[in-house]
Every structure is written in structure tokens, then in C-alpha cells.
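One structure below.
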Amino acid sequence: MWFLLVILLLLSVMYYKRSRKEFSLLPSPGACLPLIGHYKIFTHGSDPTTLIWDLYRKYSSNGMMLLNVFGLNNVFVGDFNVLKQIYNDPNVQNRGHNDHKKCGMANKISIDRGTNPGPLAGVIMSQGKAWTEQRRTALKVLRDFGFGKSTMEEMIQDEVKQFISYLKQTSCTPIDIAGKFNLPILNALWKITVGESFEYSDPKLIEMLEKLTELFQKLAKPTGVFAITYPWLFKIFPNLFQRQLDIEVNQAIANLMRNSIEQHKKTLDVNSPRDVIDTMLIEIENTTDKESSFYQDVGYNHLVNTLIDLFIAGSETTSTTLTWAVLYMVRESDVQRKVQTELDTVVGGSRLPSLADRPNLPYTEAVLMEIQRCANIVPNGVHHMSSKPVYVNGMIIPANTMISPCFTEILKGDYWGDGMVFRPERFLDESGAVKFDEHFIPFSIGKRRCLGETLAKAELFLFFASIVQQFNLQPEISGQLPTEDCITGITVLPKPFKVICKPRS
Ligand code: HEM
């Protein structure tokens with residue numbers, strides 16, 4: 001009996017060593033144990049963002065570091081040029097394993113969203129031909145319905161006006177600003193996509209957005225990785241790591257999308273599409289190619305998932321950035337005053353800033369860039385997966401390896417010199433004009449870079465410039481500034497803080 005056990009143990013160690021061989025040349029934090037992976041991740045006390053950055057700074061070489069957590073291999077890239085090469089490589093555009101049956105993440109999310117396990121539909125998590133088709137079409141229809149157009153600006157400005165009147169009603173009482181931007185930001189996108197907006201006071205929606213934030217925080221923890229690598233555990237423990245929350249949030253959002261699609265189907269006029277859903281429905285109706293991701297039921301499933309993706313990617317990210325914007329203005333009162341002076345000179349006080357003012361507001365623009373750099377709201381980006389072995393900077397990354405940016409290093413690391421300091425002037429040249437820096441990539445880089453960048457930039461500018469033009473943003477207690485301490489998830493939120501929004505006139 002003992003003899004058999006020893007043989008079994010030896011065989012599993014040999015198998016494990018062989019399976020690790022192809023990763024052996026990649027720099028990593030020390031010993032990698034069976035089942036657990038690089039145990040150093042558990043011996044560090046810091047939050048997941050700081051942890052990855054600490055490990056990266058200590059153990060990376062050639063711009064990369066391999067981290068194995070519960071059997072999942074993830075290469076973190078903290079060098080701008082290496083990331084640029086990798087994220088532009090056609091063989092690094094997947095999100096999951098080549099074989100979807102081996103992709104725990106795709107299967108888990110499909111089930112969470114109420115569909116059969118399988119390759120993921122939509123834009124964010126799809127891959128191959130389906131991703132190319134869905135991304136191209138989503139970009140086109142969003143552009144047709146307003147991205148980068150004056151109609152989009154009007155929609156955002158409607159929300160800005162409502163938000164400003166809400167802030168005025170707070171009558172200088174300190175408010176907790178986190179979460180307040182979610183609905184106005186979502187509404188601007190929703191008018192373009194679904195042709196309708198949500199009620200700010202809709203309790204169901206508020207709850208859904210709060211749960212979404214919770215889900216984002218949960219997914220970034222090591223337990224989130226555990227859930228993806230050992231999905232069979234849910235068969236034994238159905239509510240392990242609060243799995244029911246994942247299902248509840250995903251299905252609530254999926255049902256919202258399915259209902260919208262059904263409503264649109266009933267009133268669709270193929271000659272006069274009203275919004276993104278109508279246009280996608282027409283595309284589905286016109287598709288006869290059985291291989292296309294727009295064909296019949298497959299097409300509807302992609303549409304549901306694309307809408308979920310826009311909802312998820314389009315609300316949390318921009319509103320979190322705006323929360324940081326308020327925090328930095330409270331902390332940096334000199335910067336706030338300089339932005340106000342520029343806005344007063346260029347825009348005046350009788351109207352709100354518009355996108356046409358943007359080229360004439362270089363300081364405001366530089367401050368926004370510095371806010372995005374320092375806030376670093378998606379510190380480990382969205383992972384890509386290699387579909388073939390990739391040769392980069394003298395190393396080989398095997399096929400089916402997760403690759404994630406270490407944005408904290410890219411946005412705040414050595415390249416910037418004083419990367420931890422809030423200093424908008426780094427984005428201005430001697431003449432005071434905006435100085436762009438290719439290392440500034442909060443929306444990522446390469447073929448899968450953020451699809452909503454144009455909308456996000458417009459929203460950030462219009463909300464930020466209007467709020468700073470209209471209010472003096474002050475700490476709850478004079479002299480007690482909010483800290484940069486944060487709550488880490490897929491996106492990084494500041495710890496709750498209160499702000500007084502004092503009207504300037
Ligand atoms: C400040 C706001 C935002 C930031 C910082 C941000 C950042 C990012 C990042 C880092 C990625 C990953 C890109 C990659 O895989 O390399 C991404 C992807 C994506 N973003 Fe954004 N995003 C923002 C706003 C938005 C908005 C408003 C929308 C929706 C309209 C959006 C839609 C998407 C989609 C659909 C993807 C997936 C693209 C693909 O897989 O092809 N994002 N974003």
C-alpha cells in the first residue's frame with residue numbers, strides 16, 4: 001500500500017514538473033507548489049494591486065513576470081514596449097483557452113448569465129471570428145448612433161445638467177460621492193444603445209449597480225481565480241465564494257437586456273432603426289451565413305452579451321474615474337483653482353463647457369490625464385490569452401497562457417521619475433500646450449483596446465469640467481484631506497470620503 005502511494009506521489013511530481021517545464025524560463029517569484037502555485041502571493045499582506053506590483057518589481061525581468069495561482073498561469077507585463085508588442089500580436093487576442101471546454105472562466109460566466117456552458121458571446125470575453133465581427137459591428141453602430149458626434153454630447157450634457165442641479169440641492173452638506181456618478185454615466189450610454197434612460201431613483205437599478213461593484217471587487221481576489229480553475233467545486237458547494245451573488249447580478253442584468261430586446265422586436269421598423277439594438281436586430285434578420293455570429297439564435301445570444309458588456313464596462317469605469325477626479329481636486333486645491341481660472345477665462349460663467357472648448361483648455365486636459373494616470377482604475381487591465389507560443393524580448397510565452405498588463409508599473413513606475421506624485425504639468429510642454437505621452441495608456445493598447453474610449457473621454461471631460469466650473473470642492477472637515485487609500489477590485493475605488501460641493505456663484 002505504502003509502496004503504491006509513494007509511486008503515485010512520484011508520478012504526480014514528475015507530471016507536475018513536466019507540465020511546468022515550458023514555463024521554467026520565465027521569471028517568477030520563487031517556488032511553485034502543486035495545486036497552490038507561487039505561494040509567495042499568500043505570504044504578502046498587501047491588497048491584490050499592490051501585491052502584483054510589489055512582486056513584479058522584485059521578480060520580473062525583460063518586462064515580464066509569471067505568476068501561477070491555483071494552477072492558472074498569468075504573465076504580468078510591466079514594460080510599455082513589451083506590452084505594445086504582445087497586445088498587438090494576432091496570437092494574443094484570445095480571452096480564454098483555445099478549447100472552450102478547458103476554459104473554466106468562459107463556462108462559469110456563461111452559466112452565470114443563464115446560458116449553456118460554451119464559448120463566451122458578446123465583445124469583452126469573445127474571441128476569434130465572433131469577436132472580430134461583434135467588435136467591428138458594435139463600434140460601427142455606436143458611432144452611427146452618437147459616439148464622437150454632437151448628439152452624444154447633447155445626451156451627456158443633459159445628464160451633466162441634472163447632476164449639477166442634484167449637487168446644488170445638497171446645499172453644502174457633505175456627501176459621499178462614490179457611486180453617485182453611476183447612473184448619470186450609464187444613462188448617457190443607454191440612450192444611445194437602448195433609446196431610453198433609467199430613473200435615478202429606480203431602487204432595483206441602484207441595487208444592481210451596487211452589486212456589480214461588489215462583484216468587481218470579488219473577481220479580483222485569489223478566490224476569484226480559484227473559482228475559475230476548479231469550477232467542479234461548485235457542484236459540491238453551490239454557494240462557494242458567494243457564487244449565488246455572481247448568478248444573481250449577471251442574470252438580473254441579462255434579463256434587463258432580454259426584456260429590452262423583446263420590446264424592440266415588437267416595434268422594430270427595419271427602415272428606420274432607432275438605436276443600437278434596432279440596428280443589431282436588423283443585422284441579425286439580414287444574416288443568412290450560418291457561420292456568422294449574427295445568425296439567428298447565436299446572433300441574439302451575442303446581442304444579449306454585447307449589451308451586458310457595454311453596461312458593465314461603460315458604467316463602473318467612468319464613474320470610478322470621476323470619483324477619483326473629485327478626490328484629487330479636494331486634495332489638490334491649487335490645481336482645482338488653476339482649472340477654475342482656465343475655465344473662467346475660456347468658457348466664462350454663463351454656460352457649461354462643451355467639447356469644442358477642449359482644445360482651448362490644455363491645463364484642464366492635463367489634469368484629467370493626471371487623474372487617470374494616478375487613479376489607475378484598472379490596475380491589471382483585462383487579461384488576454386495566447387493562442388500560440390509567443391516569442392517576445394528573448395522569452396517564450398506558451399500557448400494558452402493568460403497575459404495581463406501591470407498598469408501600475410506602466411502608469412506610475414520608474415519611467416515617470418516621480419510617478420507617485422500628482423503633477424499635471426508632466427502632460428504640458430514649455431508653451432503650456434498638451435504633451436501626449438505614448439506610455440499613458442489607461443485604455444490599454446493594441447487590437448483589443450477599450451471600445452468605449454471616445455465616449456469615456458467625452459464623459460470625463462464634460463462632467464469634470466462642468467463640476468469644477470460650478471463648485472468649489474472641499475473636504476468635509478477643513479484641513480482633513482481624503483487619502484488615496486483604495487478598495488481593490490477589477491476596478492479600484494477610493495475608500496469612502498465626503499465632499500462639500502459649494503456653488504461658486
Ligand atoms: C475611464 C473609463 C474606461 C477605462 C479606463 C476603460 C479601460 C478599458 C481597458 C483597460 C480595457 C481592456 C482592453 C484590453 O483588453 O487590452 C477595456 C476594454 C473594453 N472597454 Fe473600456 N474603459 C473605460 C470606459 C469604457 C466605456 C464607457 C465603454 C462602453 C461604451 C467601454 C467598453 C469596453 C469594451 C466593450 C471593452 C472590450 C474590448 C474588446 O475586448 O475588444 N469602456 N476598457
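Ordering of the C-alpha cells sets the chain letters (A, B, ...); residue numbers start at 1 within each chain; ligands are numbered from 1 in the order shown.
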
So which residues are near ligand 1, meaning at most 8 Å away with only C-alpha atoms and all ligand atoms counted, given back as a short mmCIF file (atom, residue, chain, number, x, y, z; two decimals) with C-alpha atoms, in the first residue's frame?
data_model
loop_
_atom_site.label_atom_id
_atom_site.label_comp_id
_atom_site.auth_asym_id
_atom_site.auth_seq_id
_atom_site.Cartn_x
_atom_site.Cartn_y
_atom_site.Cartn_z
CA TYR A 87 -1.12 43.19 -27.25
CA VAL A 123 -17.43 41.64 -27.11
CA ILE A 124 -15.36 41.61 -23.92
CA MET A 125 -14.95 37.87 -23.49
CA SER A 126 -15.46 36.55 -27.03
CA TRP A 131 -15.05 38.74 -31.54
CA ARG A 135 -16.37 44.32 -32.09
CA LEU A 189 -24.67 55.29 -22.88
CA THR A 306 -22.74 42.64 -26.02
CA ASP A 309 -20.65 44.05 -21.74
CA LEU A 310 -21.41 47.68 -22.57
CA PHE A 311 -23.45 48.02 -19.36
CA ILE A 312 -20.63 46.56 -17.25
CA ALA A 313 -17.67 48.22 -18.99
CA GLY A 314 -19.39 51.53 -19.54
CA SER A 315 -20.69 52.40 -16.07
CA GLU A 316 -18.25 51.37 -13.36
CA THR A 317 -15.05 52.50 -15.13
CA THR A 318 -16.03 56.07 -15.97
CA SER A 319 -17.89 56.73 -12.72
CA THR A 320 -14.98 55.40 -10.66
CA THR A 321 -12.60 57.73 -12.54
CA GLN A 372 -6.44 58.88 -14.92
CA ASN A 376 -5.03 53.79 -12.39
CA ILE A 377 -8.51 52.35 -12.09
CA VAL A 378 -7.92 49.01 -13.89
CA GLY A 381 -6.19 45.58 -17.13
CA VAL A 382 -8.20 42.87 -18.81
CA HIS A 383 -6.18 39.73 -19.49
CA HIS A 384 -5.50 38.40 -22.98
CA PRO A 442 -5.29 53.84 -19.24
CA PHE A 443 -7.48 52.42 -22.06
CA SER A 444 -4.86 49.74 -22.85
CA ILE A 445 -3.15 49.30 -26.19
CA GLY A 446 -3.37 47.12 -29.30
CA LYS A 447 -6.19 45.43 -31.14
CA ARG A 448 -8.47 44.97 -28.13
CA ARG A 449 -8.00 48.40 -26.58
CA CYS A 450 -11.07 49.91 -24.96
CA LEU A 451 -14.02 50.13 -27.31
CA GLY A 452 -15.62 52.98 -25.36
CA GLU A 453 -12.60 55.30 -25.21
CA THR A 454 -14.21 58.12 -27.22
CA LEU A 455 -17.35 58.07 -25.11
CA ALA A 456 -15.40 57.76 -21.85
CA LYS A 457 -13.15 60.72 -22.69
CA LEU A 460 -14.89 62.53 -18.24
#

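The list of residues with at least one atom within 9 Å of segment 207-213 of chain A, based on only C-alpha atoms and without residues fewer than 5 positions apart in the same chain, reads Gly179, Asn182, Leu183, Asp202, Lys218, Leu245, Asp246, Glu248, Val249, Asn250, Ala252, Ile253, Ile312, Ser315, Glu316, Gly489 and Thr491 of chain A.
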
Can you write out the residues you just picked, keeping N, CA and C atoms, as a tab-separated table (two decimals), in the first residue's frame?
chain	number	residue	atom	x	y	z
A	179	GLY	N	-20.24	56.22	-6.15
A	179	GLY	CA	-21.49	55.60	-6.59
A	179	GLY	C	-22.47	56.61	-7.17
A	182	ASN	N	-22.64	56.72	-11.08
A	182	ASN	CA	-23.02	55.52	-11.83
A	182	ASN	C	-24.18	55.74	-12.79
A	183	LEU	N	-25.28	56.26	-12.26
A	183	LEU	CA	-26.48	56.37	-13.09
A	183	LEU	C	-26.39	57.42	-14.19
A	202	ASP	N	-34.63	54.68	-9.36
A	202	ASP	CA	-35.07	53.29	-9.52
A	202	ASP	C	-34.32	52.38	-8.52
A	218	LYS	N	-14.97	41.27	-5.89
A	218	LYS	CA	-14.82	39.84	-5.62
A	218	LYS	C	-13.95	39.14	-6.67
A	245	LEU	N	-24.22	35.24	-5.63
A	245	LEU	CA	-24.17	36.67	-5.95
A	245	LEU	C	-23.81	36.87	-7.43
A	246	ASP	N	-22.82	36.11	-7.92
A	246	ASP	CA	-22.43	36.20	-9.34
A	246	ASP	C	-23.66	35.94	-10.22
A	248	GLU	N	-26.87	35.97	-9.41
A	248	GLU	CA	-27.93	36.98	-9.22
A	248	GLU	C	-27.66	38.25	-10.04
A	249	VAL	N	-26.44	38.77	-9.93
A	249	VAL	CA	-26.12	40.03	-10.63
A	249	VAL	C	-26.14	39.82	-12.14
A	250	ASN	N	-25.44	38.76	-12.60
A	250	ASN	CA	-25.37	38.52	-14.05
A	250	ASN	C	-26.74	38.30	-14.65
A	252	ALA	N	-29.67	39.24	-13.41
A	252	ALA	CA	-30.51	40.44	-13.35
A	252	ALA	C	-30.19	41.34	-14.54
A	253	ILE	N	-28.90	41.50	-14.83
A	253	ILE	CA	-28.51	42.35	-15.96
A	253	ILE	C	-28.95	41.69	-17.29
A	312	ILE	N	-21.65	46.78	-18.28
A	312	ILE	CA	-20.63	46.56	-17.25
A	312	ILE	C	-19.41	47.46	-17.47
A	315	SER	N	-20.21	51.64	-17.22
A	315	SER	CA	-20.69	52.40	-16.07
A	315	SER	C	-19.62	52.53	-15.00
A	316	GLU	N	-19.19	51.41	-14.49
A	316	GLU	CA	-18.25	51.37	-13.36
A	316	GLU	C	-16.94	52.14	-13.62
A	489	GLY	N	-10.60	46.05	-6.66
A	489	GLY	CA	-11.38	45.03	-7.36
A	489	GLY	C	-10.83	44.97	-8.76
A	491	THR	N	-11.84	47.05	-10.83
A	491	THR	CA	-11.54	48.49	-10.82
A	491	THR	C	-11.23	48.89	-9.38

As a check of understanding: the span from atom CA of Pro34 of chain A to atom CA of Leu72 of chain A is 11.3 Å

Pick from A:Leu139, A:Leu256, A:Asn73, A:Ala121: nearest to Asp297 of chain A, with only C-alpha atoms counted?
A:Ala121

Excluding same-chain residues fewer than 3 positions from Val390 of chain A, what lies within 9 Å of it counting only C-alpha atoms, as number ranges by chain?
A: 86, 89, 91-92, 386-387, 395-399

How about saving the chosen residues, N, CA and C atoms kept, as a PDB file, in the first residue's frame?
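Written file, out.pdb:
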ATOM      1  N   ILE A  86       3.129  42.619 -27.453  1.00  0.00           N
ATOM      2  CA  ILE A  86       2.282  41.457 -27.157  1.00  0.00           C
ATOM      3  C   ILE A  86       0.816  41.746 -27.489  1.00  0.00           C
ATOM      4  N   ASP A  89      -0.029  41.498 -31.057  1.00  0.00           N
ATOM      5  CA  ASP A  89       0.257  40.224 -31.723  1.00  0.00           C
ATOM      6  C   ASP A  89      -1.064  39.491 -32.011  1.00  0.00           C
ATOM      7  N   ASN A  91      -1.655  36.558 -32.269  1.00  0.00           N
ATOM      8  CA  ASN A  91      -1.782  35.320 -31.488  1.00  0.00           C
ATOM      9  C   ASN A  91      -2.012  35.574 -29.999  1.00  0.00           C
ATOM     10  N   VAL A  92      -2.266  36.844 -29.644  1.00  0.00           N
ATOM     11  CA  VAL A  92      -2.537  37.149 -28.227  1.00  0.00           C
ATOM     12  C   VAL A  92      -3.849  37.934 -28.102  1.00  0.00           C
ATOM     13  N   SER A 386      -2.800  33.788 -24.951  1.00  0.00           N
ATOM     14  CA  SER A 386      -2.069  33.441 -26.172  1.00  0.00           C
ATOM     15  C   SER A 386      -2.724  32.223 -26.818  1.00  0.00           C
ATOM     16  N   SER A 387      -2.907  32.279 -28.152  1.00  0.00           N
ATOM     17  CA  SER A 387      -3.471  31.106 -28.837  1.00  0.00           C
ATOM     18  C   SER A 387      -2.353  30.216 -29.369  1.00  0.00           C
ATOM     19  N   MET A 395      12.118  35.762 -24.602  1.00  0.00           N
ATOM     20  CA  MET A 395      11.416  34.727 -23.814  1.00  0.00           C
ATOM     21  C   MET A 395      10.292  34.115 -24.662  1.00  0.00           C
ATOM     22  N   ILE A 396       9.881  32.898 -24.273  1.00  0.00           N
ATOM     23  CA  ILE A 396       8.738  32.301 -24.970  1.00  0.00           C
ATOM     24  C   ILE A 396       7.577  32.159 -23.990  1.00  0.00           C
ATOM     25  N   ILE A 397       6.442  32.736 -24.369  1.00  0.00           N
ATOM     26  CA  ILE A 397       5.228  32.545 -23.565  1.00  0.00           C
ATOM     27  C   ILE A 397       4.444  31.421 -24.238  1.00  0.00           C
ATOM     28  N   PRO A 398       4.190  30.311 -23.528  1.00  0.00           N
ATOM     29  CA  PRO A 398       3.497  29.181 -24.160  1.00  0.00           C
ATOM     30  C   PRO A 398       2.053  29.527 -24.576  1.00  0.00           C
ATOM     31  N   ALA A 399       1.495  28.682 -25.436  1.00  0.00           N
ATOM     32  CA  ALA A 399       0.095  28.866 -25.848  1.00  0.00           C
ATOM     33  C   ALA A 399      -0.817  28.716 -24.631  1.00  0.00           C
TER      34      ALA A 399
END
